>>> print(open('coords-v5.pdb').read())   # PDB, C-alpha atoms
ATOM      1  CA  MET A   1       0.000   0.000   0.000
ATOM      2  CA  ILE A   2       1.162   3.524  -0.786
ATOM      3  CA  GLU A   3       1.428   5.394   2.512
ATOM      4  CA  ARG A   4       3.075   8.665   1.433
ATOM      5  CA  VAL A   5       3.124  10.796  -1.712
ATOM      6  CA  VAL A   6       6.147  12.853  -2.753
ATOM      7  CA  PHE A   7       5.700  15.664  -5.275
ATOM      8  CA  ASP A   8       8.267  17.292  -7.475
ATOM      9  CA  LEU A   9       7.928  21.088  -7.643
ATOM     10  CA  ASP A  10       9.186  22.428 -10.986
ATOM     11  CA  GLY A  11       7.083  21.151 -13.848
ATOM     12  CA  VAL A  12       4.522  19.466 -11.567
ATOM     13  CA  ILE A  13       3.230  22.265  -9.328
ATOM     14  CA  LEU A  14       4.989  25.198 -10.984
ATOM     15  CA  ASP A  15       5.272  25.856 -14.716
ATOM     16  CA  SER A  16       8.808  27.007 -14.105
ATOM     17  CA  GLU A  17      11.277  24.949 -16.128
ATOM     18  CA  GLN A  18      11.323  27.572 -18.886
ATOM     19  CA  LEU A  19      11.922  30.323 -16.301
ATOM     20  CA  TRP A  20      15.021  28.542 -15.002
ATOM     21  CA  ASP A  21      16.141  28.186 -18.610
ATOM     22  CA  GLU A  22      15.553  31.889 -19.391
ATOM     23  CA  VAL A  23      17.292  33.150 -16.250
ATOM     24  CA  ARG A  24      20.365  30.966 -16.760
ATOM     25  CA  GLU A  25      20.573  31.803 -20.459
ATOM     26  CA  GLN A  26      20.283  35.552 -19.792
ATOM     27  CA  LEU A  27      23.001  35.364 -17.161
ATOM     28  CA  ALA A  28      25.233  33.354 -19.479
ATOM     29  CA  ARG A  29      24.846  35.802 -22.360
ATOM     30  CA  VAL A  30      25.383  38.887 -20.173
ATOM     31  CA  ARG A  31      28.519  37.420 -18.645
ATOM     32  CA  GLY A  32      30.065  35.979 -21.786
ATOM     33  CA  GLY A  33      29.086  32.325 -21.489
ATOM     34  CA  ARG A  34      28.580  29.851 -24.334
ATOM     35  CA  TRP A  35      24.884  28.933 -24.167
ATOM     36  CA  SER A  36      23.437  26.023 -26.152
ATOM     37  CA  ASP A  37      20.186  24.092 -26.299
ATOM     38  CA  ARG A  38      21.944  21.171 -24.669
ATOM     39  CA  ALA A  39      22.635  23.204 -21.532
ATOM     40  CA  GLN A  40      18.965  23.229 -20.513
ATOM     41  CA  ARG A  41      18.602  19.485 -20.999
ATOM     42  CA  ASP A  42      21.800  18.744 -19.137
ATOM     43  CA  MET A  43      20.916  20.891 -16.104
ATOM     44  CA  MET A  44      17.326  19.733 -15.636
ATOM     45  CA  GLY A  45      17.216  17.938 -12.295
ATOM     46  CA  MET A  46      20.724  18.901 -11.208
ATOM     47  CA  SER A  47      21.248  20.220  -7.690
ATOM     48  CA  SER A  48      22.283  23.847  -7.293
ATOM     49  CA  ALA A  49      25.878  22.796  -6.646
ATOM     50  CA  GLU A  50      25.847  20.710  -9.840
ATOM     51  CA  TRP A  51      24.244  23.226 -12.211
ATOM     52  CA  SER A  52      26.261  26.183 -10.939
ATOM     53  CA  ARG A  53      29.439  24.145 -11.474
ATOM     54  CA  TYR A  54      28.163  23.212 -14.964
ATOM     55  CA  MET A  55      27.610  26.890 -15.799
ATOM     56  CA  HIS A  56      31.147  27.647 -14.680
ATOM     57  CA  ASP A  57      32.878  24.671 -16.318
ATOM     58  CA  VAL A  58      30.785  24.046 -19.445
ATOM     59  CA  VAL A  59      28.887  27.263 -20.181
ATOM     60  CA  GLY A  60      32.031  29.205 -19.352
ATOM     61  CA  LEU A  61      30.993  31.824 -16.791
ATOM     62  CA  GLY A  62      34.010  33.249 -15.004
ATOM     63  CA  ASP A  63      32.274  33.792 -11.668
ATOM     64  CA  PRO A  64      32.700  31.176  -8.937
ATOM     65  CA  PRO A  65      29.889  28.596  -8.860
ATOM     66  CA  GLU A  66      28.677  29.940  -5.495
ATOM     67  CA  GLU A  67      28.185  33.414  -6.999
ATOM     68  CA  ILE A  68      26.440  31.968 -10.071
ATOM     69  CA  ASN A  69      24.076  30.094  -7.782
ATOM     70  CA  ARG A  70      23.273  33.194  -5.704
ATOM     71  CA  GLU A  71      22.597  35.342  -8.750
ATOM     72  CA  VAL A  72      20.329  32.786 -10.451
ATOM     73  CA  VAL A  73      18.342  32.279  -7.235
ATOM     74  CA  ARG A  74      18.009  36.048  -6.783
ATOM     75  CA  ARG A  75      16.634  36.424 -10.305
ATOM     76  CA  MET A  76      14.252  33.471  -9.887
ATOM     77  CA  LEU A  77      12.858  34.898  -6.658
ATOM     78  CA  GLU A  78      12.279  38.203  -8.451
ATOM     79  CA  ARG A  79      10.256  36.369 -11.104
ATOM     80  CA  TYR A  80       8.263  34.476  -8.478
ATOM     81  CA  THR A  81       7.545  37.684  -6.568
ATOM     82  CA  GLU A  82       6.089  39.188  -9.739
ATOM     83  CA  ARG A  83       3.960  36.094 -10.399
ATOM     84  CA  LEU A  84       4.111  32.557  -9.101
ATOM     85  CA  PRO A  85       3.629  30.331 -12.194
ATOM     86  CA  LEU A  86       1.255  27.735 -10.759
ATOM     87  CA  ILE A  87       0.149  24.998 -13.143
ATOM     88  CA  GLN A  88      -3.603  24.913 -13.652
ATOM     89  CA  GLY A  89      -5.188  22.386 -11.314
ATOM     90  CA  ALA A  90      -2.018  21.765  -9.302
ATOM     91  CA  VAL A  91      -3.187  23.345  -6.042
ATOM     92  CA  ASP A  92      -6.469  21.421  -6.124
ATOM     93  CA  ALA A  93      -4.645  18.170  -6.924
ATOM     94  CA  VAL A  94      -2.250  18.617  -4.007
ATOM     95  CA  ARG A  95      -5.178  19.315  -1.696
ATOM     96  CA  ARG A  96      -7.038  16.214  -2.916
ATOM     97  CA  VAL A  97      -4.087  13.947  -2.261
ATOM     98  CA  ALA A  98      -3.190  15.638   1.028
ATOM     99  CA  ALA A  99      -6.674  14.873   2.340
ATOM    100  CA  ARG A 100      -5.870  11.159   2.075
ATOM    101  CA  ARG A 101      -2.069  10.784   2.361
ATOM    102  CA  PRO A 102       0.810  12.613   4.088
ATOM    103  CA  LEU A 103       2.863  14.573   1.568
ATOM    104  CA  GLY A 104       6.525  15.285   0.941
ATOM    105  CA  LEU A 105       8.290  17.429  -1.627
ATOM    106  CA  ALA A 106      11.508  16.436  -3.429
ATOM    107  CA  SER A 107      12.803  19.278  -5.559
ATOM    108  CA  SER A 108      15.895  20.379  -7.420
ATOM    109  CA  SER A 109      15.102  23.975  -6.482
ATOM    110  CA  ASN A 110      17.037  25.770  -3.778
ATOM    111  CA  ARG A 111      15.648  25.859  -0.257
ATOM    112  CA  GLU A 112      14.743  29.574  -0.467
ATOM    113  CA  ILE A 113      12.766  29.004  -3.647
ATOM    114  CA  ILE A 114      10.910  25.978  -2.261
ATOM    115  CA  GLU A 115       9.835  27.861   0.841
ATOM    116  CA  HIS A 116       8.766  30.938  -1.120
ATOM    117  CA  ALA A 117       6.729  28.888  -3.603
ATOM    118  CA  LEU A 118       4.952  26.833  -0.950
ATOM    119  CA  GLU A 119       4.180  29.887   1.167
ATOM    120  CA  VAL A 120       2.820  32.032  -1.662
ATOM    121  CA  SER A 121       0.761  29.154  -3.098
ATOM    122  CA  GLY A 122      -0.746  28.389   0.315
ATOM    123  CA  LEU A 123       0.465  24.791   0.099
ATOM    124  CA  ALA A 124       3.101  24.934   2.847
ATOM    125  CA  PRO A 125       0.839  23.481   5.588
ATOM    126  CA  LEU A 126       0.052  20.448   3.411
ATOM    127  CA  PHE A 127       3.641  19.212   3.136
ATOM    128  CA  ARG A 128       5.051  17.416   6.164
ATOM    129  CA  VAL A 129       8.568  17.527   4.738
ATOM    130  CA  SER A 130      10.413  19.113   1.848
ATOM    131  CA  VAL A 131      13.868  18.294   0.530
ATOM    132  CA  SER A 132      16.052  20.320  -1.791
ATOM    133  CA  SER A 133      18.638  18.444  -3.806
ATOM    134  CA  GLU A 134      21.213  20.903  -2.444
ATOM    135  CA  GLU A 135      20.709  19.079   0.886
ATOM    136  CA  VAL A 136      21.763  15.671  -0.464
ATOM    137  CA  ALA A 137      24.887  14.355  -2.143
ATOM    138  CA  ARG A 138      23.548  14.092  -5.700
ATOM    139  CA  GLY A 139      20.769  15.658  -7.731
ATOM    140  CA  LYS A 140      18.347  13.842 -10.026
ATOM    141  CA  PRO A 141      18.570  11.342 -11.785
ATOM    142  CA  ALA A 142      20.244   9.937  -8.653
ATOM    143  CA  PRO A 143      17.617   8.810  -6.119
ATOM    144  CA  ASP A 144      19.084  10.757  -3.176
ATOM    145  CA  VAL A 145      16.433  13.480  -2.884
ATOM    146  CA  TYR A 146      13.587  10.934  -2.971
ATOM    147  CA  LEU A 147      15.264   8.612  -0.501
ATOM    148  CA  GLU A 148      15.776  11.530   1.885
ATOM    149  CA  ALA A 149      12.136  12.572   1.539
ATOM    150  CA  ALA A 150      11.013   9.049   2.417
ATOM    151  CA  ARG A 151      13.383   8.988   5.378
ATOM    152  CA  ARG A 152      11.986  12.260   6.704
ATOM    153  CA  LEU A 153       8.456  10.953   6.190
ATOM    154  CA  GLY A 154       9.345   7.914   8.265
ATOM    155  CA  VAL A 155       8.616   5.195   5.716
ATOM    156  CA  ASP A 156      10.491   2.983   3.289
ATOM    157  CA  ALA A 157      10.682   4.494  -0.181
ATOM    158  CA  THR A 158       8.826   1.498  -1.616
ATOM    159  CA  ARG A 159       5.739   2.695   0.273
ATOM    160  CA  CYS A 160       5.830   6.075  -1.457
ATOM    161  CA  ALA A 161       4.524   7.352  -4.776
ATOM    162  CA  ALA A 162       6.364  10.096  -6.647
ATOM    163  CA  ILE A 163       4.729  12.653  -8.929
ATOM    164  CA  GLU A 164       7.175  13.652 -11.673
ATOM    165  CA  ASP A 165       7.339  15.396 -15.041
ATOM    166  CA  SER A 166      10.910  15.106 -16.330
ATOM    167  CA  ALA A 167      13.173  12.312 -17.542
ATOM    168  CA  ASN A 168      15.701  12.820 -14.745
ATOM    169  CA  GLY A 169      12.964  13.068 -12.144
ATOM    170  CA  ILE A 170      11.298   9.876 -13.326
ATOM    171  CA  ARG A 171      14.642   8.088 -13.279
ATOM    172  CA  ALA A 172      15.361   9.368  -9.760
ATOM    173  CA  ALA A 173      12.030   8.216  -8.342
ATOM    174  CA  HIS A 174      12.291   4.859 -10.099
ATOM    175  CA  ALA A 175      15.812   4.368  -8.748
ATOM    176  CA  ALA A 176      14.429   5.046  -5.260
ATOM    177  CA  ARG A 177      11.922   2.215  -5.929
ATOM    178  CA  MET A 178       8.911   4.462  -5.543
ATOM    179  CA  ARG A 179       5.704   4.089  -7.540
ATOM    180  CA  VAL A 180       6.126   6.680 -10.286
ATOM    181  CA  VAL A 181       3.252   8.773 -11.607
ATOM    182  CA  ALA A 182       4.494  10.635 -14.683
ATOM    183  CA  ILE A 183       2.858  13.827 -15.922
ATOM    184  CA  PRO A 184       5.085  14.609 -18.908
ATOM    185  CA  ASN A 185       6.329  18.173 -19.186
ATOM    186  CA  ARG A 186       4.911  19.598 -22.404
ATOM    187  CA  ARG A 187       7.757  22.023 -23.065
ATOM    188  CA  TYR A 188      10.514  19.563 -22.218
ATOM    189  CA  PRO A 189       8.951  16.110 -22.686
ATOM    190  CA  PRO A 190      10.796  13.143 -21.210
ATOM    191  CA  ASP A 191      12.075  10.539 -23.638
ATOM    192  CA  GLU A 192      10.232   7.276 -24.106
ATOM    193  CA  GLU A 193      12.967   5.331 -22.346
ATOM    194  CA  ALA A 194      12.367   7.347 -19.182
ATOM    195  CA  LEU A 195       8.588   7.220 -19.536
ATOM    196  CA  ALA A 196       8.762   3.434 -19.744
ATOM    197  CA  LEU A 197       9.998   3.466 -16.127
ATOM    198  CA  ALA A 198       6.796   5.128 -14.882
ATOM    199  CA  ASP A 199       4.009   3.035 -13.392
ATOM    200  CA  VAL A 200       1.291   5.330 -14.739
ATOM    201  CA  ARG A 201       1.194   8.249 -17.132
ATOM    202  CA  LEU A 202      -1.275  11.162 -16.911
ATOM    203  CA  GLU A 203      -1.993  13.903 -19.424
ATOM    204  CA  SER A 204      -2.567  16.531 -16.732
ATOM    205  CA  ILE A 205      -2.227  16.952 -12.981
ATOM    206  CA  GLU A 206      -5.974  17.590 -12.975
ATOM    207  CA  GLN A 207      -6.348  13.807 -13.375
ATOM    208  CA  LEU A 208      -4.388  13.100 -10.192
ATOM    209  CA  ASP A 209      -6.160  11.640  -7.188
ATOM    210  CA  VAL A 210      -5.535   8.930  -4.590
ATOM    211  CA  SER A 211      -6.928   6.173  -6.804
ATOM    212  CA  VAL A 212      -4.175   6.952  -9.339
ATOM    213  CA  VAL A 213      -1.551   7.049  -6.592
ATOM    214  CA  ASP A 214      -2.631   3.676  -5.219
ATOM    215  CA  GLY A 215      -3.107   2.070  -8.598
TER
END
>>> encode(input="coords-v5.pdb", output="structure tokens")
Amino acid sequence: MIERVVFDLDGVILDSEQLWDEVREQLARVRGGRWSDRAQRDMMGMSSAEWSRYMHDVVGLGDPPEEINREVVRRMLERYTERLPLIQGAVDAVRRVAARRPLGLASSSNREIIEHALEVSGLAPLFRVSVSSEEVARGKPAPDVYLEAARRLGVDATRCAAIEDSANGIRAAHAARMRVVAIPNRRYPPDEEALALADVRLESIEQLDVSVVDG
């Protein structure tokens, strides 16, 4: 039986993947980096330590990774203060599931961004735990962030379901041995190899309820 449900944030609750892409690209171009389409794909799911190092080493920004991280987070928080990009139906879906199962959050976003998003959306009281990938050794597709969420929720990961949208997120949840509910990101769709790892695939988060989680 599924006892806990762990949500991803970006691409599941927030329509934010393109915002991360825009902010990083703008920073790279302003500071003389070498941006490419591959950069977005490579960084999706990385922890802040990983993607800031990638922007330094691969994209070619001269600033230290710690400074790159701070500046990207500052710009993202500015965007979220202007408007939090909630996905249609996401708040209602989280509330539906929270009425039946304890919830966790496992996100690649920084801690400040997670807390801001949950507070502004009104969802903070519904999540018993939240984990940023900057708090674990490895970002997605490694299972670390999901395993830590399960640990904080007090259950084995096999008794959790994960709600994911991206290839690296699906791979991370599958590697943690969670039941994976995939809601493919429309802007950055996961490849079929990753989708094959999901236990169920939905067209929209509006279709999500406990019956889907339990299977």
>>> resolve_selection(input="coords-v5.pdb", expression="the PyMOL selection byres ((chain A and resi 133) around 7)", output="short mmCIF file (atom, residue, chain, number, x, y, z; two decimals) with C-alpha atoms, in the coordinates of the input")
data_model
loop_
_atom_site.label_atom_id
_atom_site.label_comp_id
_atom_site.auth_asym_id
_atom_site.auth_seq_id
_atom_site.Cartn_x
_atom_site.Cartn_y
_atom_site.Cartn_z
CA SER A 47 21.25 20.22 -7.69
CA SER A 107 12.80 19.28 -5.56
CA SER A 108 15.90 20.38 -7.42
CA VAL A 131 13.87 18.29 0.53
CA SER A 132 16.05 20.32 -1.79
CA GLU A 134 21.21 20.90 -2.44
CA GLU A 135 20.71 19.08 0.89
CA VAL A 136 21.76 15.67 -0.46
CA ARG A 138 23.55 14.09 -5.70
CA GLY A 139 20.77 15.66 -7.73
CA VAL A 145 16.43 13.48 -2.88
#
>>> resolve_selection(input="coords-v5.pdb", expression="the PyMOL selection byres ((chain A and resi 44) around 9)", output="list in words")
Glu17, Ala39, Gln40, Arg41, Asp42, Met43, Gly45, Met46, Ser47, Trp51, Ser108, Lys140, Ser166, Ala167, Asn168 and Gly169 of chain A
>>> residues_around(input="coords-v5.pdb", residues="Leu103 of chain A", least_positions_apart="2", cutoff="9 Å", atoms="only C-alpha atoms", output="CSV table (one decimal) with C-alpha atoms, in the coordinates of the input")
chain,number,residue,atom,x,y,z
A,4,ARG,CA,3.1,8.7,1.4
A,5,VAL,CA,3.1,10.8,-1.7
A,6,VAL,CA,6.1,12.9,-2.8
A,7,PHE,CA,5.7,15.7,-5.3
A,94,VAL,CA,-2.2,18.6,-4.0
A,97,VAL,CA,-4.1,13.9,-2.3
A,98,ALA,CA,-3.2,15.6,1.0
A,101,ARG,CA,-2.1,10.8,2.4
A,105,LEU,CA,8.3,17.4,-1.6
A,126,LEU,CA,0.1,20.4,3.4
A,127,PHE,CA,3.6,19.2,3.1
A,128,ARG,CA,5.1,17.4,6.2
A,129,VAL,CA,8.6,17.5,4.7
A,130,SER,CA,10.4,19.1,1.8
A,153,LEU,CA,8.5,11.0,6.2
>>> closest_residue(input="coords-v5.pdb", among="A:Ile87, A:Ile113, A:Cys160, A:Ala124", to="Gly11 of chain A", atoms="all atoms listed in the file")
A:Ile87
>>> residues_around(input="coords-v5.pdb", residues="segment 62-66 of chain A", least_positions_apart="6", cutoff="10 Å", atoms="all atoms listed in the file", output="PyMOL selection string")
chain A and resi 28+31-33+48-56
